[in-house]
file structure07.csv (CSV, C-alpha atoms)
chain,number,residue,atom,x,y,z
A,16,MET,CA,88.5,102.3,49.2
A,17,SER,CA,85.8,105.0,49.0
A,18,GLN,CA,86.6,108.5,47.9
A,19,GLU,CA,86.1,110.0,51.4
A,20,HIS,CA,88.8,107.6,52.7
A,21,ARG,CA,91.5,108.2,50.2
A,22,PRO,CA,94.8,109.2,51.7
A,23,PRO,CA,95.3,112.9,52.1
A,24,GLY,CA,98.2,114.4,50.0
A,25,ARG,CA,100.3,115.2,53.0
A,26,GLN,CA,100.7,111.5,53.7
A,27,THR,CA,102.8,111.1,50.6
A,28,ALA,CA,105.2,113.9,51.5
A,29,LYS,CA,108.6,113.2,53.1
A,30,THR,CA,108.4,113.4,56.8
A,31,PRO,CA,111.2,113.8,59.4
A,32,ALA,CA,110.8,110.1,60.3
A,33,SER,CA,110.9,108.7,56.8
A,34,ASP,CA,114.6,108.2,56.7
A,35,SER,CA,114.7,106.6,60.2
A,36,ALA,CA,116.4,103.2,60.7
A,37,PHE,CA,113.0,101.8,61.6
A,38,LEU,CA,111.2,102.9,58.3
A,39,ARG,CA,114.3,102.0,56.2
A,40,ALA,CA,114.2,98.5,57.7
A,41,CYS,CA,110.5,98.3,57.0
A,42,ARG,CA,111.3,99.1,53.3
A,43,ARG,CA,114.1,96.6,53.3
A,44,GLU,CA,116.7,99.2,52.7
A,45,ASP,CA,120.2,99.6,54.2
A,46,VAL,CA,120.2,100.8,57.8
A,47,PRO,CA,122.9,102.3,60.0
A,48,HIS,CA,122.0,99.7,62.7
A,49,THR,CA,119.3,97.2,63.4
A,50,PRO,CA,116.3,99.2,64.7
A,51,VAL,CA,114.7,98.2,68.0
A,52,TRP,CA,111.3,98.7,69.6
A,53,PHE,CA,109.4,96.5,72.0
A,54,MET,CA,105.8,95.5,72.0
A,55,ARG,CA,104.1,96.8,75.2
A,56,GLN,CA,107.1,99.2,75.8
A,57,ALA,CA,104.6,102.0,76.5
A,58,GLY,CA,103.6,101.1,80.1
A,59,ARG,CA,103.6,98.1,82.3
A,60,SER,CA,107.3,97.8,83.4
A,61,LEU,CA,108.0,101.5,83.8
A,62,PRO,CA,107.6,103.2,87.2
A,63,GLU,CA,106.9,106.5,85.5
A,64,TYR,CA,104.0,104.8,83.7
A,65,LEU,CA,102.6,103.5,87.0
A,66,LYS,CA,102.8,107.0,88.4
A,67,ALA,CA,101.1,108.6,85.4
A,68,ARG,CA,98.3,106.1,85.4
A,69,GLU,CA,97.8,106.1,89.2
A,70,GLY,CA,94.0,106.2,89.9
A,71,VAL,CA,93.1,106.3,86.1
A,72,PRO,CA,91.3,103.2,84.7
A,73,MET,CA,92.9,101.7,81.6
A,74,LEU,CA,90.2,102.6,79.1
A,75,GLU,CA,90.0,106.2,80.4
A,76,SER,CA,93.8,106.5,80.1
A,77,CYS,CA,93.4,105.6,76.4
A,78,MET,CA,91.0,108.5,75.9
A,79,ARG,CA,93.1,111.3,77.5
A,80,PRO,CA,95.4,112.7,74.7
A,81,GLU,CA,97.9,114.3,77.0
A,82,LEU,CA,98.2,111.2,79.1
A,83,VAL,CA,98.5,109.0,75.9
A,84,LYS,CA,101.3,111.3,74.7
A,85,GLU,CA,103.2,111.1,78.0
A,86,ILE,CA,103.0,107.3,78.2
A,87,THR,CA,103.9,106.7,74.6
A,88,LEU,CA,107.0,109.0,74.9
A,89,GLN,CA,108.3,107.4,78.2
A,90,PRO,CA,110.1,104.4,76.6
A,91,VAL,CA,111.5,106.6,73.9
A,92,ARG,CA,113.1,108.8,76.5
A,93,ARG,CA,114.2,106.0,78.8
A,94,HIS,CA,115.4,103.3,76.3
A,95,GLY,CA,116.3,105.2,73.1
A,96,VAL,CA,114.2,102.8,71.0
A,97,ASP,CA,113.9,103.5,67.3
A,98,ALA,CA,110.1,103.8,67.2
A,99,ALA,CA,107.2,104.7,69.5
A,100,ILE,CA,104.1,102.5,69.8
A,101,TYR,CA,100.9,104.4,70.3
A,102,PHE,CA,99.5,103.8,73.8
A,103,SER,CA,96.0,102.3,73.6
A,104,ASP,CA,94.3,98.9,73.7
A,105,ILE,CA,92.9,96.7,71.0
A,106,VAL,CA,89.3,97.0,72.4
A,107,VAL,CA,89.3,100.8,72.2
A,108,PRO,CA,87.5,100.9,68.8
A,109,LEU,CA,84.8,98.5,70.2
A,110,LYS,CA,84.3,100.8,73.2
A,111,ALA,CA,84.1,103.7,70.8
A,112,ILE,CA,81.2,102.2,68.8
A,113,GLY,CA,79.2,101.5,72.0
A,114,VAL,CA,80.1,98.0,73.0
A,115,ASP,CA,79.6,97.7,76.8
A,116,LEU,CA,83.0,96.5,78.0
A,117,ASP,CA,85.6,97.2,80.6
A,118,ILE,CA,89.3,96.2,81.1
A,119,LYS,CA,89.4,94.6,84.5
A,120,PRO,CA,92.9,94.5,86.3
A,121,GLY,CA,94.3,91.0,86.3
A,122,VAL,CA,91.7,89.8,83.9
A,123,GLY,CA,91.6,91.8,80.7
A,124,PRO,CA,88.7,93.0,78.5
A,125,VAL,CA,85.3,91.8,79.7
A,126,ILE,CA,82.2,92.2,77.5
A,127,ALA,CA,78.9,92.7,79.3
A,128,GLU,CA,76.8,91.3,76.4
A,129,PRO,CA,78.7,88.9,74.2
A,130,VAL,CA,78.0,88.6,70.5
A,131,ARG,CA,76.5,85.2,69.8
A,132,THR,CA,73.6,85.8,67.5
A,133,ARG,CA,72.8,87.7,64.4
A,134,ALA,CA,70.8,90.2,66.5
A,135,ASP,CA,74.0,90.7,68.6
A,136,LEU,CA,76.0,91.4,65.4
A,137,ASP,CA,73.6,94.2,64.5
A,138,ARG,CA,74.9,96.2,67.5
A,139,LEU,CA,78.3,96.6,65.9
A,140,ARG,CA,78.0,99.8,63.9
A,141,PRO,CA,80.7,101.3,61.7
A,142,LEU,CA,83.4,103.4,63.4
A,143,THR,CA,83.8,107.1,62.3
A,144,PRO,CA,86.7,109.6,63.0
A,145,ASP,CA,84.3,111.5,65.3
A,146,ASP,CA,84.1,108.4,67.6
A,147,VAL,CA,87.8,108.6,68.3
A,148,ARG,CA,88.7,112.3,68.2
A,149,TYR,CA,90.9,111.7,71.2
A,150,VAL,CA,93.1,109.4,69.0
A,151,THR,CA,93.5,112.0,66.3
A,152,GLU,CA,94.4,114.6,68.9
A,153,ALA,CA,96.9,112.3,70.7
A,154,VAL,CA,98.6,111.2,67.5
A,155,GLY,CA,99.0,114.8,66.5
A,156,LEU,CA,100.5,115.7,69.8
A,157,LEU,CA,102.9,112.8,69.5
A,158,THR,CA,104.1,113.4,66.0
A,159,ASP,CA,104.8,117.0,66.9
A,160,GLU,CA,106.9,115.8,69.8
A,161,LEU,CA,108.6,112.8,68.2
A,162,GLY,CA,110.1,114.5,65.2
A,163,ALA,CA,112.4,112.0,63.5
A,164,THR,CA,111.2,109.1,65.6
A,165,PRO,CA,108.4,107.1,63.9
A,166,LEU,CA,105.1,106.4,65.6
A,167,ILE,CA,103.5,103.0,65.1
A,168,GLY,CA,99.7,102.9,65.2
A,169,PHE,CA,98.0,99.6,65.8
A,170,ALA,CA,94.8,97.6,66.1
A,171,GLY,CA,93.5,94.2,67.0
A,172,ALA,CA,92.9,91.8,64.2
A,173,PRO,CA,89.3,90.6,63.4
A,174,PHE,CA,89.9,87.1,64.8
A,175,THR,CA,91.2,88.3,68.2
A,176,LEU,CA,88.5,90.9,68.5
A,177,ALA,CA,85.8,88.4,67.6
A,178,SER,CA,87.1,85.9,70.2
A,179,TYR,CA,86.8,88.6,72.9
A,180,LEU,CA,83.3,89.5,71.8
A,181,ILE,CA,82.0,85.9,71.5
A,182,GLU,CA,83.7,84.5,74.7
A,183,GLY,CA,82.9,87.6,76.7
A,184,GLY,CA,86.5,88.0,77.8
A,185,PRO,CA,89.9,86.2,77.6
A,186,SER,CA,89.8,82.5,76.9
A,187,ARG,CA,92.3,79.6,76.9
A,188,THR,CA,90.2,77.3,74.7
A,189,TYR,CA,88.0,79.5,72.5
A,190,GLU,CA,85.2,77.0,72.6
A,191,ARG,CA,82.4,79.4,71.9
A,192,THR,CA,84.5,81.1,69.2
A,193,LYS,CA,85.2,77.9,67.4
A,194,ALA,CA,81.6,76.7,67.9
A,195,MET,CA,80.4,79.7,65.9
A,196,MET,CA,83.2,79.3,63.2
A,197,TYR,CA,82.2,75.7,62.6
A,198,GLY,CA,78.6,75.7,63.5
A,199,ASP,CA,77.4,79.0,61.9
A,200,PRO,CA,80.1,79.9,59.3
A,201,GLU,CA,77.9,82.5,57.7
A,202,LEU,CA,77.4,84.5,60.9
A,203,TRP,CA,81.1,84.1,61.7
A,204,ALA,CA,82.1,85.5,58.2
A,205,ASP,CA,79.7,88.4,58.7
A,206,LEU,CA,81.2,89.1,62.1
A,207,VAL,CA,84.8,89.1,61.2
A,208,ASP,CA,84.1,91.1,58.0
A,209,ARG,CA,82.3,93.8,60.0
A,210,LEU,CA,85.3,93.8,62.4
A,211,ALA,CA,87.7,94.2,59.5
A,212,VAL,CA,85.8,97.3,58.4
A,213,ILE,CA,85.9,98.7,62.0
A,214,THR,CA,89.6,97.9,62.3
A,215,GLY,CA,90.4,99.4,58.9
A,216,ALA,CA,88.7,102.6,59.9
A,217,PHE,CA,90.6,102.8,63.2
A,218,LEU,CA,93.9,102.3,61.5
A,219,ARG,CA,93.0,105.0,58.9
A,220,VAL,CA,92.3,107.5,61.7
A,221,GLN,CA,95.8,106.9,63.1
A,222,ILE,CA,97.5,107.1,59.7
A,223,GLU,CA,95.7,110.3,58.7
A,224,ALA,CA,96.7,111.8,62.0
A,225,GLY,CA,100.4,111.1,61.4
A,226,ALA,CA,101.3,107.5,62.3
A,227,SER,CA,104.3,106.3,60.2
A,228,ALA,CA,103.5,102.6,60.3
A,229,VAL,CA,100.8,100.3,61.7
A,230,GLN,CA,100.7,96.8,63.3
A,231,LEU,CA,97.8,94.4,63.3
A,232,PHE,CA,97.9,92.2,66.5
A,233,ASP,CA,96.2,88.8,66.0
A,234,SER,CA,97.1,87.8,69.6
A,235,TRP,CA,95.1,84.6,69.6
A,236,ALA,CA,95.5,83.3,66.0
A,237,GLY,CA,97.9,80.6,67.3
A,238,ALA,CA,94.8,78.7,68.6
A,239,LEU,CA,93.9,77.9,65.0
A,240,ALA,CA,94.9,75.1,62.6
A,241,PRO,CA,96.3,76.3,59.3
A,242,GLU,CA,93.3,75.1,57.3
A,243,ASP,CA,90.9,77.0,59.7
A,244,TYR,CA,93.0,80.1,59.5
A,245,ARG,CA,92.9,80.1,55.7
A,246,ARG,CA,89.1,79.6,55.6
A,247,TYR,CA,87.9,81.6,58.5
A,248,VAL,CA,90.4,84.3,59.3
A,249,LEU,CA,92.6,85.1,56.3
A,250,PRO,CA,90.0,86.9,54.2
A,251,ALA,CA,89.2,89.4,57.1
A,252,SER,CA,92.8,90.1,57.9
A,253,ALA,CA,93.5,90.6,54.2
A,254,LYS,CA,90.6,93.1,54.1
A,255,VAL,CA,92.1,95.2,56.9
A,256,PHE,CA,95.5,95.4,55.1
A,257,ALA,CA,93.8,96.3,51.8
A,258,GLU,CA,91.9,99.1,53.6
A,259,VAL,CA,95.1,100.9,54.5
A,260,ALA,CA,97.3,99.8,51.5
A,261,PRO,CA,96.7,103.1,49.6
A,262,TYR,CA,98.4,105.1,52.3
A,263,GLY,CA,101.8,103.5,51.6
A,264,VAL,CA,102.8,103.1,55.2
A,265,PRO,CA,104.5,99.9,56.3
A,266,ARG,CA,102.0,97.3,57.7
A,267,ILE,CA,103.1,94.7,60.3
A,268,HIS,CA,101.3,91.5,61.0
A,269,PHE,CA,101.9,89.8,64.4
A,270,GLY,CA,100.5,86.8,66.2
A,271,VAL,CA,101.5,84.6,69.1
A,272,GLY,CA,102.1,80.9,68.6
A,273,THR,CA,101.7,81.3,64.9
A,274,GLY,CA,104.8,79.5,63.6
A,275,GLU,CA,102.6,77.1,61.6
A,276,LEU,CA,100.6,80.0,60.2
A,277,LEU,CA,103.5,82.3,59.1
A,278,GLY,CA,103.1,81.4,55.4
A,279,LEU,CA,99.4,82.1,55.5
A,280,MET,CA,99.8,85.3,57.5
A,281,GLY,CA,102.3,86.3,54.9
A,282,GLU,CA,99.6,86.0,52.3
A,283,ALA,CA,97.3,88.5,54.1
A,284,GLY,CA,99.1,91.5,52.6
A,285,ALA,CA,101.4,93.0,55.3
A,286,ASP,CA,104.8,94.3,54.5
A,287,LEU,CA,106.4,92.8,57.6
A,288,ALA,CA,105.9,89.6,59.5
A,289,GLY,CA,106.2,89.7,63.3
A,290,VAL,CA,107.7,86.5,64.6
A,291,ASP,CA,107.3,85.1,68.2
A,292,TRP,CA,110.3,83.4,69.9
A,293,ARG,CA,109.4,79.8,68.9
A,294,VAL,CA,110.7,80.0,65.3
A,295,PRO,CA,114.2,81.2,64.4
A,296,LEU,CA,114.2,84.2,62.1
A,297,ASP,CA,116.0,82.5,59.2
A,298,GLU,CA,113.4,79.7,59.3
A,299,ALA,CA,110.6,82.2,59.7
A,300,ALA,CA,111.8,84.0,56.5
A,301,ARG,CA,111.6,80.7,54.6
A,302,ARG,CA,108.0,80.1,55.8
A,303,VAL,CA,106.9,83.7,55.1
A,304,GLY,CA,108.4,83.8,51.7
A,305,PRO,CA,110.4,86.5,49.9
A,306,GLY,CA,109.6,90.2,49.7
A,307,LYS,CA,108.9,90.9,53.4
A,308,ALA,CA,110.9,92.2,56.3
A,309,LEU,CA,110.8,90.4,59.6
A,310,GLN,CA,110.3,91.7,63.2
A,311,GLY,CA,111.4,89.8,66.3
A,312,ASN,CA,112.0,87.7,68.2
A,313,LEU,CA,113.7,87.5,71.6
A,314,ASP,CA,111.8,85.5,74.2
A,315,PRO,CA,110.5,88.1,76.7
A,316,THR,CA,111.5,85.9,79.6
A,317,VAL,CA,115.2,86.1,78.6
A,318,LEU,CA,115.3,89.6,80.1
A,319,PHE,CA,115.1,88.1,83.6
A,320,ALA,CA,118.4,86.3,83.1
A,321,PRO,CA,121.8,87.8,83.8
A,322,ARG,CA,123.2,90.3,81.3
A,323,PRO,CA,125.6,87.9,79.6
A,324,ALA,CA,122.8,85.5,78.9
A,325,VAL,CA,120.6,88.2,77.5
A,326,GLU,CA,123.3,89.4,75.2
A,327,GLU,CA,124.0,85.8,74.1
A,328,LYS,CA,120.4,85.3,73.2
A,329,ALA,CA,120.1,88.7,71.5
A,330,ARG,CA,123.3,87.9,69.5
A,331,ALA,CA,121.6,84.7,68.3
A,332,VAL,CA,118.6,86.6,67.1
A,333,LEU,CA,120.8,89.0,65.2
A,334,ASP,CA,122.9,86.2,63.7
A,335,ALA,CA,119.7,84.4,62.5
A,336,ALA,CA,118.6,87.7,60.9
A,337,ALA,CA,122.0,88.4,59.2
A,338,GLY,CA,120.8,87.3,55.7
A,339,LEU,CA,117.4,88.9,55.8
A,340,GLU,CA,116.5,91.9,53.5
A,341,GLY,CA,115.1,93.8,56.5
A,342,HIS,CA,115.0,93.1,60.2
A,343,ILE,CA,113.5,95.0,63.2
A,344,PHE,CA,114.6,93.7,66.5
A,345,ASN,CA,111.8,93.1,69.0
A,346,LEU,CA,110.6,90.7,71.6
A,347,GLY,CA,108.6,87.6,70.5
A,348,HIS,CA,105.7,89.1,72.5
A,349,GLY,CA,105.1,92.0,74.8
A,350,VAL,CA,107.3,93.3,77.7
A,351,MET,CA,106.3,91.5,80.9
A,352,PRO,CA,105.2,93.7,83.7
A,353,SER,CA,107.9,92.8,86.2
A,354,THR,CA,110.8,93.3,83.6
A,355,ASP,CA,113.6,95.4,84.9
A,356,PRO,CA,113.5,98.6,82.7
A,357,ASP,CA,117.3,98.8,82.8
A,358,ALA,CA,117.5,95.4,81.1
A,359,LEU,CA,115.5,96.9,78.2
A,360,THR,CA,117.8,99.9,78.0
A,361,ARG,CA,120.9,97.7,78.0
A,362,LEU,CA,119.4,95.5,75.3
A,363,VAL,CA,118.7,98.5,73.0
A,364,GLU,CA,122.3,99.6,73.5
A,365,PHE,CA,123.6,96.1,72.8
A,366,VAL,CA,121.6,95.7,69.6
A,367,HIS,CA,122.6,99.1,68.3
A,368,GLU,CA,126.3,98.5,69.0
A,369,ARG,CA,126.4,94.9,67.8
A,370,SER,CA,124.6,95.8,64.5
A,371,ALA,CA,126.3,99.1,63.7
A,372,ARG,CA,127.3,99.2,60.0
call {"tool": "encode", "arguments": {"input": "structure07.csv", "output": "C-alpha cells"}}
result
Amino acid sequence: MSQEHRPPGRQTAKTPASDSAFLRACRREDVPHTPVWFMRQAGRSLPEYLKAREGVPMLESCMRPELVKEITLQPVRRHGVDAAIYFSDIVVPLKAIGVDLDIKPGVGPVIAEPVRTRADLDRLRPLTPDDVRYVTEAVGLLTDELGATPLIGFAGAPFTLASYLIEGGPSRTYERTKAMMYGDPELWADLVDRLAVITGAFLRVQIEAGASAVQLFDSWAGALAPEDYRRYVLPASAKVFAEVAPYGVPRIHFGVGTGELLGLMGEAGADLAGVDWRVPLDEAARRVGPGKALQGNLDPTVLFAPRPAVEEKARAVLDAAAGLEGHIFNLGHGVMPSTDPDALTRLVEFVHERSAR
C-alpha cells in the first residue's frame, strides 16, 4: 500500500461501535446475542424507502448524501438490526470514473459501451477520493447518527464488475465473460486487476470516512468452476482484501451459489465468509477452514412463509452455527422486494431472544 493510502491514525482508535455485538462476532469474540443484519435491508421492501426514492433514479439517489443517510438508517430504526449497510450500488465506482452506464428498473446495470478489447480497457482510469466525495460526506453523516451501531461499507468484486462490463448488463450464461477469460487470459487478467485497484480505492474511501467493516459482493462467482475461480478470479479478489488489510476493519466475502468455492474464497483473505442458503453453516465452516467467522444463511424466500415456519428455519440456522467461533445471522442473499417488513422485524427479535447469552 502506498504511503498516501496508509490508514489514518483515527482508524485505530476505539470507536463507539467497536464493542458492538456485530464487531465482536466479526472478531470471533463472545457476544451477548447473535447479531443480525440483512443484505439489501436498505431499501426495496420498505414503504418509507419507496417514498424517499420517489422520482429519483437509482444512481442519482446514491449520490445524494442526505438521501443515502436516510435510506441507510431506515432499517436500523424499523428492524433494530445490529449493523447498517451503506446504501449504494456496486456499479457506483464505475460510474464515478466515467463509465457510461445506467441502472434500468427491472433490468439492472446497463453499460453503453462494453469492455471487450484492450482499447476498451484503457477507458478504466483509477478512482480517486475526489470522484466520490458524496460517499465521504454520506458516511460521515451516518457515523455521526449511528453512534454505537456499526456501518458496513461495500463494493462489487472484480469478477462481478467485469461480467457487467463485458456483457453490457446482467447475464445468465456469461458467455462473453468466459470467452475473454479462456480466449484472452492476458486481457482478462489486466481487466480484473484494474478493477481490483478501483474496488480497493472505493473501499478505502468508505473506511477512511468511518465504515466499521466492509463486504465484497461477488454476486456472480457461482457461475465458475473451482479451477477457473482459482486461476482467473482469486488473485484479483485477494488483491482487494490486501488493499484494505492495513486498516484492521473486518472484511466479509460473499457470493451466490458458491458452495463449491467456499474453500477458495476463504483463501482470498477475508475475515468472514458469507454463506448462501444452499450449504448448512456447520458444513460451510468445514469447507472454509478455521480462523474465520461465518455470516448467513436463511433462504430469503422463507420470509414469505407463516411465522412458525420462519422461526423453525431460523432456529435451524442458529443450531447449525452453535459450534462456530463467530456467527452473524443474515439471509443467504438479499431481501426480496415484496418481503413483508414486519417479517424482518419479527425475525430480528426472534434471533436476539433465541441466542441471548
call {"tool": "closest_atom_pairs", "arguments": {"input": "structure07.csv", "of": "region 127-226 of chain A", "to": "region 99-103 of chain A", "cutoff": "8 Å", "atoms": "only C-alpha atoms", "output": "CSV"}}
result
residue,atom,partner,partner_atom,distance
A:Val154,CA,A:Tyr101,CA,7.7
A:Thr164,CA,A:Ala99,CA,7.1
A:Pro165,CA,A:Ala99,CA,6.2
A:Leu166,CA,A:Ala99,CA,4.7
A:Ile167,CA,A:Ile100,CA,4.8
A:Gly168,CA,A:Tyr101,CA,5.4
A:Phe169,CA,A:Tyr101,CA,7.2
call {"tool": "write_last_selection", "arguments": {"input": "structure07.csv", "atoms": "C-alpha atoms", "output": "PDB file, keeping the file's coordinate frame"}}
result
ATOM      1  CA  VAL A 154      98.600 111.200  67.500  1.00  0.00           C
ATOM      2  CA  THR A 164     111.200 109.100  65.600  1.00  0.00           C
ATOM      3  CA  PRO A 165     108.400 107.100  63.900  1.00  0.00           C
ATOM      4  CA  LEU A 166     105.100 106.400  65.600  1.00  0.00           C
ATOM      5  CA  ILE A 167     103.500 103.000  65.100  1.00  0.00           C
ATOM      6  CA  GLY A 168      99.700 102.900  65.200  1.00  0.00           C
ATOM      7  CA  PHE A 169      98.000  99.600  65.800  1.00  0.00           C
TER       8      PHE A 169
END
call {"tool": "closest_residue", "arguments": {"input": "structure07.csv", "among": "A:Ile86, A:Ala285, A:Ala98, A:Leu206", "to": "Pro50 (chain A)", "atoms": "only C-alpha atoms"}}
result
A:Ala98
call {"tool": "closest_residue", "arguments": {"input": "structure07.csv", "among": "A:Pro31, A:Pro62, A:Gly184, A:Pro173", "to": "Asp115 (chain A)", "atoms": "all atoms listed in the file"}}
result
A:Gly184
call {"tool": "closest_residue", "arguments": {"input": "structure07.csv", "among": "A:Ala283, A:Ile126, A:Ala170, A:Leu359", "to": "Ala228 (chain A)", "atoms": "only C-alpha atoms"}}
result
A:Ala170
call {"tool": "closest_residue", "arguments": {"input": "structure07.csv", "among": "A:Arg92, A:Ser33, A:Tyr247, A:Ala40", "to": "Leu309 (chain A)", "atoms": "only C-alpha atoms"}}
result
A:Ala40
call {"tool": "closest_residue", "arguments": {"input": "structure07.csv", "among": "A:Gly278, A:Gly155, A:Gly270, A:Gly284", "to": "Glu258 (chain A)", "atoms": "all atoms listed in the file"}}
result
A:Gly284
call {"tool": "closest_atom_pairs", "arguments": {"input": "structure07.csv", "of": "region 280-301 of chain A", "to": "region 327-340 of chain A", "cutoff": "10 Å", "atoms": "all atoms listed in the file", "output": "Markdown table"}}
result
| residue | atom | partner | partner_atom | distance |
| --- | --- | --- | --- | --- |
| A:Trp292 | CA | A:Val332 | CA | 9.3 |
| A:Pro295 | CA | A:Ala335 | CA | 6.6 |
| A:Leu296 | CA | A:Ala335 | CA | 5.5 |
| A:Asp297 | CA | A:Ala335 | CA | 5.3 |
| A:Glu298 | CA | A:Ala335 | CA | 8.5 |
| A:Ala299 | CA | A:Ala335 | CA | 9.8 |
| A:Ala300 | CA | A:Leu339 | CA | 7.5 |
call {"tool": "atom_distance", "arguments": {"input": "structure07.csv", "atom1": "CA of Phe37 (chain A)", "atom2": "CA of Val51 (chain A)"}}
result
7.5 Å
call {"tool": "closest_residue", "arguments": {"input": "structure07.csv", "among": "A:Phe269, A:Phe174, A:Tyr149, A:Trp52", "to": "Val248 (chain A)", "atoms": "only C-alpha atoms"}}
result
A:Phe174
call {"tool": "atom_distance", "arguments": {"input": "structure07.csv", "atom1": "CA of Pro315 (chain A)", "atom2": "CA of Ser234 (chain A)"}}
result
15.2 Å
call {"tool": "build_atoms", "arguments": {"input": "structure07.csv", "residues": "region 252-259 of chain A", "atoms": "all heavy atoms", "output": "PDB file, in the coordinates of the input"}}
result
ATOM      1  N   SER A 252      91.510  89.412  57.670  1.00  0.00           N
ATOM      2  CA  SER A 252      92.800  90.100  57.900  1.00  0.00           C
ATOM      3  C   SER A 252      93.278  90.762  56.622  1.00  0.00           C
ATOM      4  O   SER A 252      93.776  91.892  56.647  1.00  0.00           O
ATOM      5  CB  SER A 252      93.835  89.098  58.412  1.00  0.00           C
ATOM      6  OG  SER A 252      93.507  88.638  59.716  1.00  0.00           O
ATOM      7  N   ALA A 253      93.130  90.061  55.502  1.00  0.00           N
ATOM      8  CA  ALA A 253      93.500  90.600  54.200  1.00  0.00           C
ATOM      9  C   ALA A 253      92.734  91.911  53.919  1.00  0.00           C
ATOM     10  O   ALA A 253      93.266  92.870  53.341  1.00  0.00           O
ATOM     11  CB  ALA A 253      93.352  89.610  53.106  1.00  0.00           C
ATOM     12  N   LYS A 254      91.465  91.917  54.306  1.00  0.00           N
ATOM     13  CA  LYS A 254      90.600  93.100  54.100  1.00  0.00           C
ATOM     14  C   LYS A 254      91.147  94.289  54.857  1.00  0.00           C
ATOM     15  O   LYS A 254      91.147  95.426  54.352  1.00  0.00           O
ATOM     16  CB  LYS A 254      89.181  92.801  54.439  1.00  0.00           C
ATOM     17  CG  LYS A 254      88.222  93.944  54.139  1.00  0.00           C
ATOM     18  CD  LYS A 254      86.770  93.513  54.270  1.00  0.00           C
ATOM     19  CE  LYS A 254      85.825  94.619  53.844  1.00  0.00           C
ATOM     20  NZ  LYS A 254      84.419  94.148  53.775  1.00  0.00           N
ATOM     21  N   VAL A 255      91.593  94.069  56.090  1.00  0.00           N
ATOM     22  CA  VAL A 255      92.100  95.200  56.900  1.00  0.00           C
ATOM     23  C   VAL A 255      93.365  95.762  56.192  1.00  0.00           C
ATOM     24  O   VAL A 255      93.484  96.990  56.035  1.00  0.00           O
ATOM     25  CB  VAL A 255      92.535  94.686  58.302  1.00  0.00           C
ATOM     26  CG1 VAL A 255      93.229  95.815  59.073  1.00  0.00           C
ATOM     27  CG2 VAL A 255      91.316  94.210  59.069  1.00  0.00           C
ATOM     28  N   PHE A 256      94.283  94.912  55.760  1.00  0.00           N
ATOM     29  CA  PHE A 256      95.500  95.400  55.100  1.00  0.00           C
ATOM     30  C   PHE A 256      95.167  96.130  53.800  1.00  0.00           C
ATOM     31  O   PHE A 256      95.799  97.133  53.449  1.00  0.00           O
ATOM     32  CB  PHE A 256      96.487  94.292  54.892  1.00  0.00           C
ATOM     33  CG  PHE A 256      97.128  93.797  56.163  1.00  0.00           C
ATOM     34  CD1 PHE A 256      97.016  92.475  56.553  1.00  0.00           C
ATOM     35  CD2 PHE A 256      97.835  94.670  56.976  1.00  0.00           C
ATOM     36  CE1 PHE A 256      97.590  92.025  57.723  1.00  0.00           C
ATOM     37  CE2 PHE A 256      98.425  94.231  58.155  1.00  0.00           C
ATOM     38  CZ  PHE A 256      98.307  92.902  58.528  1.00  0.00           C
ATOM     39  N   ALA A 257      94.182  95.626  53.076  1.00  0.00           N
ATOM     40  CA  ALA A 257      93.800  96.300  51.800  1.00  0.00           C
ATOM     41  C   ALA A 257      93.180  97.664  52.106  1.00  0.00           C
ATOM     42  O   ALA A 257      93.359  98.588  51.314  1.00  0.00           O
ATOM     43  CB  ALA A 257      92.772  95.406  51.089  1.00  0.00           C
ATOM     44  N   GLU A 258      92.487  97.801  53.234  1.00  0.00           N
ATOM     45  CA  GLU A 258      91.900  99.100  53.600  1.00  0.00           C
ATOM     46  C   GLU A 258      92.895 100.200  53.741  1.00  0.00           C
ATOM     47  O   GLU A 258      92.612 101.361  53.453  1.00  0.00           O
ATOM     48  CB  GLU A 258      91.075  98.948  54.892  1.00  0.00           C
ATOM     49  CG  GLU A 258      89.751  98.220  54.769  1.00  0.00           C
ATOM     50  CD  GLU A 258      88.657  99.129  54.228  1.00  0.00           C
ATOM     51  OE1 GLU A 258      88.488 100.242  54.756  1.00  0.00           O
ATOM     52  OE2 GLU A 258      87.994  98.711  53.262  1.00  0.00           O
ATOM     53  N   VAL A 259      94.091  99.846  54.224  1.00  0.00           N
ATOM     54  CA  VAL A 259      95.100 100.900  54.500  1.00  0.00           C
ATOM     55  C   VAL A 259      96.234 100.862  53.457  1.00  0.00           C
ATOM     56  O   VAL A 259      97.121 101.708  53.519  1.00  0.00           O
ATOM     57  CB  VAL A 259      95.672 100.759  55.916  1.00  0.00           C
ATOM     58  CG1 VAL A 259      94.571 100.964  56.940  1.00  0.00           C
ATOM     59  CG2 VAL A 259      96.356  99.412  56.130  1.00  0.00           C
TER      60      VAL A 259
END
